[in-house]
file start09.txt (compact mmCIF, C-alpha atoms and all ligand atoms)
# COMPACT_ATOMS: atom_id res chain seq x y z
CA MET A 95 137.67 62.94 135.49
CA THR A 96 139.81 65.43 137.36
CA ASP A 97 139.84 68.90 135.89
CA PRO A 98 143.49 69.21 134.78
CA ALA A 99 143.38 72.94 135.37
CA LYS A 100 142.88 72.12 139.03
CA ALA A 101 145.58 69.44 139.34
CA PRO A 102 147.13 69.55 142.81
CA VAL A 103 150.34 71.54 142.81
CA THR A 104 152.99 72.11 145.46
CA ALA A 105 154.48 75.36 146.68
CA PRO A 106 158.01 76.14 145.51
CA ARG A 107 161.04 75.47 147.67
CA THR A 108 164.19 77.43 146.83
CA GLU A 109 167.70 76.07 147.10
CA ILE A 110 170.63 78.41 146.54
CA TYR A 111 174.05 77.17 145.44
CA ALA A 112 177.39 78.99 145.40
CA GLY A 113 177.75 78.59 141.65
CA LYS A 114 176.76 76.65 138.56
CA ASP A 115 179.04 73.66 139.28
CA GLU A 116 177.57 73.05 142.73
CA LEU A 117 174.02 73.41 141.44
CA VAL A 118 174.60 71.13 138.48
CA SER A 119 176.21 68.42 140.67
CA VAL A 120 173.29 68.33 143.08
CA VAL A 121 170.65 68.25 140.36
CA ALA A 122 172.50 65.54 138.42
CA GLU A 123 172.78 63.35 141.54
CA ARG A 124 169.13 63.93 142.37
CA LEU A 125 168.04 63.14 138.84
CA LEU A 126 169.84 59.81 138.90
CA ALA A 127 168.36 59.01 142.32
CA VAL A 128 164.83 59.78 141.11
CA LEU A 129 165.29 57.52 138.08
CA VAL A 130 166.62 54.68 140.26
CA ASP A 131 163.74 55.04 142.75
CA ALA A 132 161.07 55.36 140.05
CA VAL A 133 162.17 52.17 138.30
CA ALA A 134 162.27 50.34 141.65
CA ASP A 135 158.88 51.72 142.67
CA HIS A 136 156.80 51.48 139.51
CA GLY A 137 158.89 49.67 136.94
CA SER A 138 159.72 52.60 134.69
CA ALA A 139 160.90 56.19 134.86
CA HIS A 140 159.91 59.14 132.69
CA ALA A 141 162.06 62.29 132.79
CA VAL A 142 161.34 65.51 130.91
CA LEU A 143 164.46 67.35 129.76
CA THR A 144 165.11 71.03 129.09
CA GLY A 145 167.41 72.94 126.80
CA GLY A 146 169.54 75.84 127.97
CA SER A 147 173.10 75.82 129.25
CA ALA A 148 172.21 74.82 132.82
CA GLY A 149 169.95 71.96 131.72
CA ILE A 150 172.56 70.61 129.33
CA ALA A 151 175.29 70.93 131.97
CA VAL A 152 173.16 68.73 134.26
CA LEU A 153 173.11 66.05 131.55
CA GLU A 154 176.88 66.31 131.08
CA LYS A 155 177.28 65.79 134.82
CA VAL A 156 174.96 62.78 134.77
CA ALA A 157 177.17 61.32 132.01
CA GLU A 158 180.24 61.85 134.22
CA LEU A 159 178.56 60.19 137.20
CA VAL A 160 177.35 57.24 135.13
CA ALA A 161 180.91 56.67 133.87
CA GLU A 162 182.26 56.54 137.46
CA PRO A 163 182.53 53.07 138.94
CA GLY A 164 180.19 52.55 141.88
CA THR A 165 177.49 55.04 140.86
CA GLU A 166 174.02 53.59 141.38
CA THR A 167 172.15 53.81 138.09
CA PRO A 168 168.70 52.73 136.96
CA SER A 169 168.09 49.91 134.54
CA TRP A 170 168.28 52.18 131.51
CA SER A 171 165.96 49.93 129.51
CA ALA A 172 163.15 51.14 131.80
CA VAL A 173 163.93 54.85 131.47
CA HIS A 174 162.24 57.22 129.02
CA PHE A 175 163.31 60.75 128.12
CA TRP A 176 160.94 63.46 126.88
CA TRP A 177 161.24 67.20 126.31
CA GLY A 178 159.41 70.20 127.73
CA ASP A 179 159.95 72.16 124.55
CA GLU A 180 161.82 72.14 121.29
CA ARG A 181 162.75 74.43 118.44
CA LEU A 182 161.07 73.43 115.18
CA LEU A 183 164.28 73.07 113.19
CA PRO A 184 165.87 70.39 110.98
CA SER A 185 166.88 67.23 112.85
CA ASP A 186 170.60 67.94 112.51
CA ASP A 187 170.43 71.56 113.68
CA PRO A 188 172.80 72.02 116.64
CA GLU A 189 170.30 74.48 118.15
CA ARG A 190 167.84 71.68 118.80
CA ASN A 191 167.57 70.81 122.48
CA ALA A 192 167.55 67.14 121.49
CA MET A 193 170.84 67.39 119.59
CA GLN A 194 172.50 68.96 122.62
CA ALA A 195 171.07 66.36 125.01
CA HIS A 196 172.24 63.53 122.75
CA ALA A 197 175.76 64.91 122.69
CA ALA A 198 175.78 65.54 126.45
CA LEU A 199 174.36 62.21 127.65
CA LEU A 200 171.91 60.26 125.54
CA ASP A 201 174.33 58.99 122.87
CA ALA A 202 176.54 57.53 125.59
CA LEU A 203 173.60 55.91 127.38
CA ILE A 204 172.43 54.33 124.13
CA ALA A 205 175.89 53.19 123.00
CA GLU A 206 177.28 52.01 126.33
CA HIS A 207 174.53 51.53 128.89
CA GLY A 208 171.59 49.87 127.18
CA LEU A 209 169.21 52.82 126.86
CA PRO A 210 166.92 51.78 123.98
CA ALA A 211 167.04 54.46 121.28
CA GLN A 212 163.25 54.31 121.08
CA ASN A 213 163.00 55.43 124.73
CA VAL A 214 164.24 58.85 123.65
CA HIS A 215 161.11 60.71 122.63
CA ARG A 216 162.27 63.74 120.68
CA MET A 217 159.83 66.45 119.72
CA PRO A 218 159.13 66.69 115.97
CA THR A 219 161.60 68.39 113.64
CA SER A 220 160.79 70.82 110.85
CA GLU A 221 161.09 67.83 108.49
CA ASP A 222 158.43 65.96 110.49
CA ALA A 223 155.94 68.78 110.97
CA ALA A 224 154.89 71.57 108.62
CA SER A 225 153.98 73.89 111.49
CA PRO A 226 154.29 74.17 115.26
CA THR A 227 150.62 73.24 115.63
CA VAL A 228 151.13 70.04 113.66
CA GLY A 229 154.28 69.32 115.69
CA ALA A 230 152.37 69.86 118.91
CA GLU A 231 149.64 67.42 117.84
CA MET A 232 152.25 64.83 116.85
CA TYR A 233 153.97 65.05 120.22
CA ALA A 234 150.69 64.81 122.08
CA ALA A 235 150.04 61.55 120.20
CA SER A 236 153.53 60.25 121.13
CA MET A 237 152.83 60.94 124.78
CA GLU A 238 149.35 59.44 124.60
CA ALA A 239 150.91 56.14 123.51
CA PHE A 240 152.66 56.04 126.90
CA ALA A 241 149.81 57.48 128.94
CA GLU A 242 149.55 56.33 132.51
CA GLU A 243 146.48 54.15 133.10
CA GLY A 244 144.10 55.98 135.41
CA GLY A 245 146.54 58.87 135.82
CA HIS A 246 145.54 61.52 138.31
CA SER A 247 145.51 64.38 135.82
CA GLY A 248 142.86 63.24 133.38
CA LEU A 249 145.30 64.07 130.57
CA ALA A 250 146.79 61.45 128.22
CA LEU A 251 150.36 61.65 129.50
CA PRO A 252 153.01 59.36 130.90
CA ARG A 253 153.59 59.68 134.62
CA PHE A 254 156.43 62.17 134.62
CA ASP A 255 158.66 61.42 137.61
CA VAL A 256 160.69 64.56 137.10
CA LEU A 257 160.52 67.55 134.77
CA LEU A 258 163.42 69.98 134.37
CA LEU A 259 162.96 73.59 133.33
CA GLY A 260 165.38 76.37 132.46
CA VAL A 261 164.12 79.90 133.07
CA GLY A 262 164.78 82.73 130.61
CA PRO A 263 165.72 86.27 131.63
CA ASP A 264 162.17 87.26 130.54
CA GLY A 265 160.67 84.64 132.86
CA HIS A 266 159.77 82.16 130.14
CA ILE A 267 159.80 78.43 130.79
CA ALA A 268 159.70 75.69 128.15
CA SER A 269 158.42 77.67 125.12
CA LEU A 270 155.76 79.51 127.12
CA PHE A 271 156.70 83.16 126.68
CA PRO A 272 155.33 86.29 128.40
CA GLY A 273 152.11 87.63 126.91
CA LYS A 274 151.60 84.77 124.48
CA ASP A 275 148.32 82.93 123.83
CA SER A 276 150.08 79.64 124.66
CA LEU A 277 149.93 80.62 128.34
CA GLY A 278 146.17 80.31 128.39
CA VAL A 279 145.92 77.03 126.49
CA SER A 280 144.25 74.49 128.75
CA GLY A 281 142.90 70.94 128.55
CA VAL A 282 145.54 69.83 126.02
CA VAL A 283 149.11 68.72 126.65
CA THR A 284 151.06 70.56 123.95
CA VAL A 285 150.94 73.86 122.13
CA GLY A 286 152.67 75.29 119.05
CA GLU A 287 154.35 78.70 119.14
CA ASP A 288 154.70 80.53 115.82
CA ASP A 289 156.23 83.75 117.00
CA SER A 290 158.64 83.21 119.87
CA PRO A 291 160.41 86.41 120.90
CA LYS A 292 163.56 84.33 121.26
CA PRO A 293 164.77 82.81 117.98
CA PRO A 294 163.91 80.55 116.38
CA PRO A 295 160.27 81.70 116.24
CA GLN A 296 158.70 78.30 115.66
CA ARG A 297 158.59 75.98 118.64
CA VAL A 298 156.61 73.21 120.30
CA SER A 299 155.97 73.23 124.05
CA LEU A 300 154.22 71.34 126.80
CA THR A 301 151.33 73.34 128.27
CA PHE A 302 151.07 74.36 131.91
CA ASP A 303 148.46 71.64 132.38
CA ALA A 304 151.00 69.04 131.23
CA ILE A 305 153.82 70.50 133.32
CA HIS A 306 151.61 70.50 136.41
CA THR A 307 151.07 66.73 136.18
CA ALA A 308 154.75 65.97 136.86
CA ASP A 309 155.60 64.54 140.28
CA ARG A 310 158.66 66.76 140.59
CA VAL A 311 159.25 70.02 138.75
CA TRP A 312 162.76 71.40 139.12
CA THR A 313 164.06 74.66 137.74
CA VAL A 314 167.77 75.11 137.04
CA VAL A 315 168.55 78.82 137.09
CA VAL A 316 172.07 80.17 136.72
CA GLY A 317 173.31 83.71 136.21
CA GLN A 318 172.62 87.27 137.17
CA ASP A 319 170.50 87.87 134.05
CA LYS A 320 167.79 85.64 135.62
CA ALA A 321 167.76 87.42 139.01
CA ALA A 322 164.86 89.80 138.36
CA ALA A 323 162.68 87.14 136.70
CA ALA A 324 163.38 84.62 139.47
CA ALA A 325 162.52 87.15 142.17
CA LYS A 326 159.25 88.04 140.47
CA ALA A 327 158.36 84.40 139.80
CA LEU A 328 158.80 83.59 143.48
CA THR A 329 156.77 86.58 144.70
CA GLU A 330 153.17 85.72 145.50
CA GLY A 331 150.67 87.45 143.26
CA THR A 332 152.94 87.84 140.23
CA ASP A 333 150.92 87.63 137.02
CA PRO A 334 152.08 84.53 135.11
CA ARG A 335 151.14 86.23 131.86
CA GLU A 336 154.07 88.56 132.57
CA ILE A 337 156.35 85.98 134.22
CA PRO A 338 155.33 82.49 133.13
CA ALA A 339 157.79 80.93 135.60
CA ALA A 340 155.44 82.08 138.38
CA ARG A 341 153.28 79.03 137.50
CA VAL A 342 156.04 76.44 137.81
CA ALA A 343 154.77 73.59 139.99
CA GLY A 344 154.71 69.81 140.36
CA THR A 345 152.35 67.54 142.28
CA MET A 346 154.86 66.17 144.81
CA GLU A 347 157.56 68.82 144.85
CA THR A 348 158.59 72.05 143.19
CA ILE A 349 162.23 72.96 143.62
CA TRP A 350 163.88 76.13 142.37
CA HIS A 351 167.62 75.45 142.08
CA LEU A 352 169.36 78.83 141.80
CA ASP A 353 172.96 79.88 141.92
CA GLN A 354 173.82 82.91 144.04
CA ALA A 355 173.78 85.24 141.06
CA ALA A 356 170.29 84.15 139.99
CA ALA A 357 169.10 84.37 143.62
CA ALA A 358 170.51 87.86 144.16
CA GLU A 359 167.13 89.65 144.08
CA LEU A 360 165.02 87.14 146.03
CA GLY A 361 163.04 88.80 148.83
O1 LIG A 401 164.55 77.22 124.15
C1 LIG A 401 165.27 78.11 124.55
O2 LIG A 401 165.30 79.22 124.04
C2 LIG A 401 166.15 77.85 125.74
O3 LIG A 401 166.27 76.49 125.96
C3 LIG A 401 165.65 78.55 126.97
O4 LIG A 401 164.32 78.28 127.25
C4 LIG A 401 166.54 78.26 128.17
O5 LIG A 401 166.15 77.08 128.82
C5 LIG A 401 166.52 79.40 129.17
O6 LIG A 401 166.73 80.60 128.48
C6 LIG A 401 167.58 79.21 130.22
O7 LIG A 401 168.84 79.09 129.62
P1 LIG A 401 170.18 78.93 130.40
O8 LIG A 401 170.13 77.63 131.17
O9 LIG A 401 171.21 78.92 129.32
O10 LIG A 401 170.29 80.07 131.33
call {"tool": "encode", "arguments": {"input": "start09.txt", "output": "structure tokens"}}
result
Amino acid sequence: MTDPAKAPVTAPRTEIYAGKDELVSVVAERLLAVLVDAVADHGSAHAVLTGGSAGIAVLEKVAELVAEPGTETPSWSAVHFWWGDERLLPSDDPERNAMQAHAALLDALIAEHGLPAQNVHRMPTSEDAASPTVGAEMYAASMEAFAEEGGHSGLALPRFDVLLLGVGPDGHIASLFPGKDSLGVSGVVTVGEDDSPKPPPQRVSLTFDAIHTADRVWTVVVGQDKAAAAAKALTEGTDPREIPAARVAGTMETIWHLDQAAAAELG
């Protein structure tokens, strides 16, 4: 079995866009293309979604593209959506990443385009799980049920074709925050966070080991408040315990999509 801590990872490539709209359009088009190609290539597609305003704007753009006649789309019955992290809140809380993604795209795909509701794999809510640790274990079991046979990582995970990540001004990704024990958790696919510095405190997150199994890992980074964190993350030798985004990587490609404001301090 491959040691997941040593999964092959690719070096980051940066792409800088004039503004949020340009960035969001490119990522939305690319996301659709990856889903189409994945279904054609291996019969299904698994995408990992992110919260945050840029990540949700990408989904809104995908919804726009899907509604346009002539857009090439995947067979939605073969597409699965997962999350990189979630806030442990009640199911109807508008702060849940899943609620926002449903409103932006998923409800329309289910109602109008044949996406099976059961292909949307939400992280547990505070009604489902008494604690982040329990929520993390539940989500690991959900992913195990779709684990790729003979996957290269040695972890019980679906083959993630693409995994989106927002980046916080503190350099956090998913719910992996600077200085937290979650950063060092290895050999498992999920981790609970009880004390997030960004509210709400209780969250569930994929681990770095899980993130590193994805074929493509794409950040979506918009705004001047991310400039310092992005610059540090993309500087060799940065300690990921201080800037978790420094460990962002996928097995086939790692793309940092930044708008000019977020890229302002890149070396
Ligand atoms: O769970 C959270 O607290 C947010 O989802 C967070 O992780 C977000 O992804 C980044 O802060 C980037 O957010 P923006 O895309 O809004 O800049």
call {"tool": "residues_near_ligand", "arguments": {"input": "start09.txt", "ligand": "ligand LIG 401 (chain A)", "cutoff": "7 Å", "atoms": "only C-alpha atoms and all ligand atoms", "output": "PyMOL selection string"}}
result
chain A and resi 144-149+179-181+191+259-263+266-269+292+314-317
call {"tool": "atom_distance", "arguments": {"input": "start09.txt", "atom1": "CA of Val130 in chain A", "atom2": "CA of Pro168 in chain A"}}
result
4.4 Å
call {"tool": "atom_distance", "arguments": {"input": "start09.txt", "atom1": "CA of Leu117 in chain A", "atom2": "CA of Gly137 in chain A"}}
result
28.5 Å
call {"tool": "closest_residue", "arguments": {"input": "start09.txt", "among": "A:Asp319, A:Leu251, A:Arg297, A:His196", "to": "Pro218 in chain A", "atoms": "only C-alpha atoms"}}
result
A:Arg297
call {"tool": "atom_distance", "arguments": {"input": "start09.txt", "atom1": "CA of Val121 in chain A", "atom2": "CA of Trp170 in chain A"}}
result
18.5 Å
call {"tool": "residues_near_point", "arguments": {"input": "start09.txt", "point": "(148.5, 79.1, 148.6)", "cutoff": "10 Å", "atoms": "all atoms listed in the file", "output": "VMD selection string"}}
result
chain A and resid 103 to 105 330
call {"tool": "closest_residue", "arguments": {"input": "start09.txt", "among": "A:Met232, A:Ile305, A:Ala172, A:Ala122", "to": "Ser247 in chain A", "atoms": "only C-alpha atoms"}}
result
A:Ile305
call {"tool": "closest_residue", "arguments": {"input": "start09.txt", "among": "A:Ser119, A:Gly286, A:Leu200, A:Phe175", "to": "Leu159 in chain A", "atoms": "only C-alpha atoms"}}
result
A:Ser119
call {"tool": "residues_around", "arguments": {"input": "start09.txt", "residues": "Asn213 in chain A", "least_positions_apart": "3", "cutoff": "7 Å", "atoms": "only C-alpha atoms", "output": "list in words"}}
result
Val173, His174, Phe175 and Pro210 of chain A
call {"tool": "closest_residue", "arguments": {"input": "start09.txt", "among": "A:Ala205, A:Val283, A:Leu199, A:Ala355", "to": "Ser236 in chain A", "atoms": "only C-alpha atoms"}}
result
A:Val283
call {"tool": "closest_residue", "arguments": {"input": "start09.txt", "among": "A:Asp275, A:Glu206, A:Asp309, A:Glu359", "to": "Gly344 in chain A", "atoms": "only C-alpha atoms"}}
result
A:Asp309
call {"tool": "closest_residue", "arguments": {"input": "start09.txt", "among": "A:Glu123, A:Glu336, A:Asp131, A:Glu154", "to": "Asp201 in chain A", "atoms": "all atoms listed in the file"}}
result
A:Glu154
call {"tool": "residues_around", "arguments": {"input": "start09.txt", "residues": "Ala161 in chain A", "least_positions_apart": "3", "cutoff": "12 Å", "atoms": "only C-alpha atoms", "output": "list in words"}}
result
Glu154, Lys155, Val156, Ala157, Glu158, Gly164, Thr165, Glu166, Thr167, Leu199, Ala202, Leu203, Glu206 and His207 of chain A
call {"tool": "residues_around", "arguments": {"input": "start09.txt", "residues": "Lys326 in chain A", "least_positions_apart": "4", "cutoff": "12 Å", "atoms": "all atoms listed in the file", "output": "PyMOL selection string"}}
result
chain A and resi 263-266+320-322+330-341+356-361
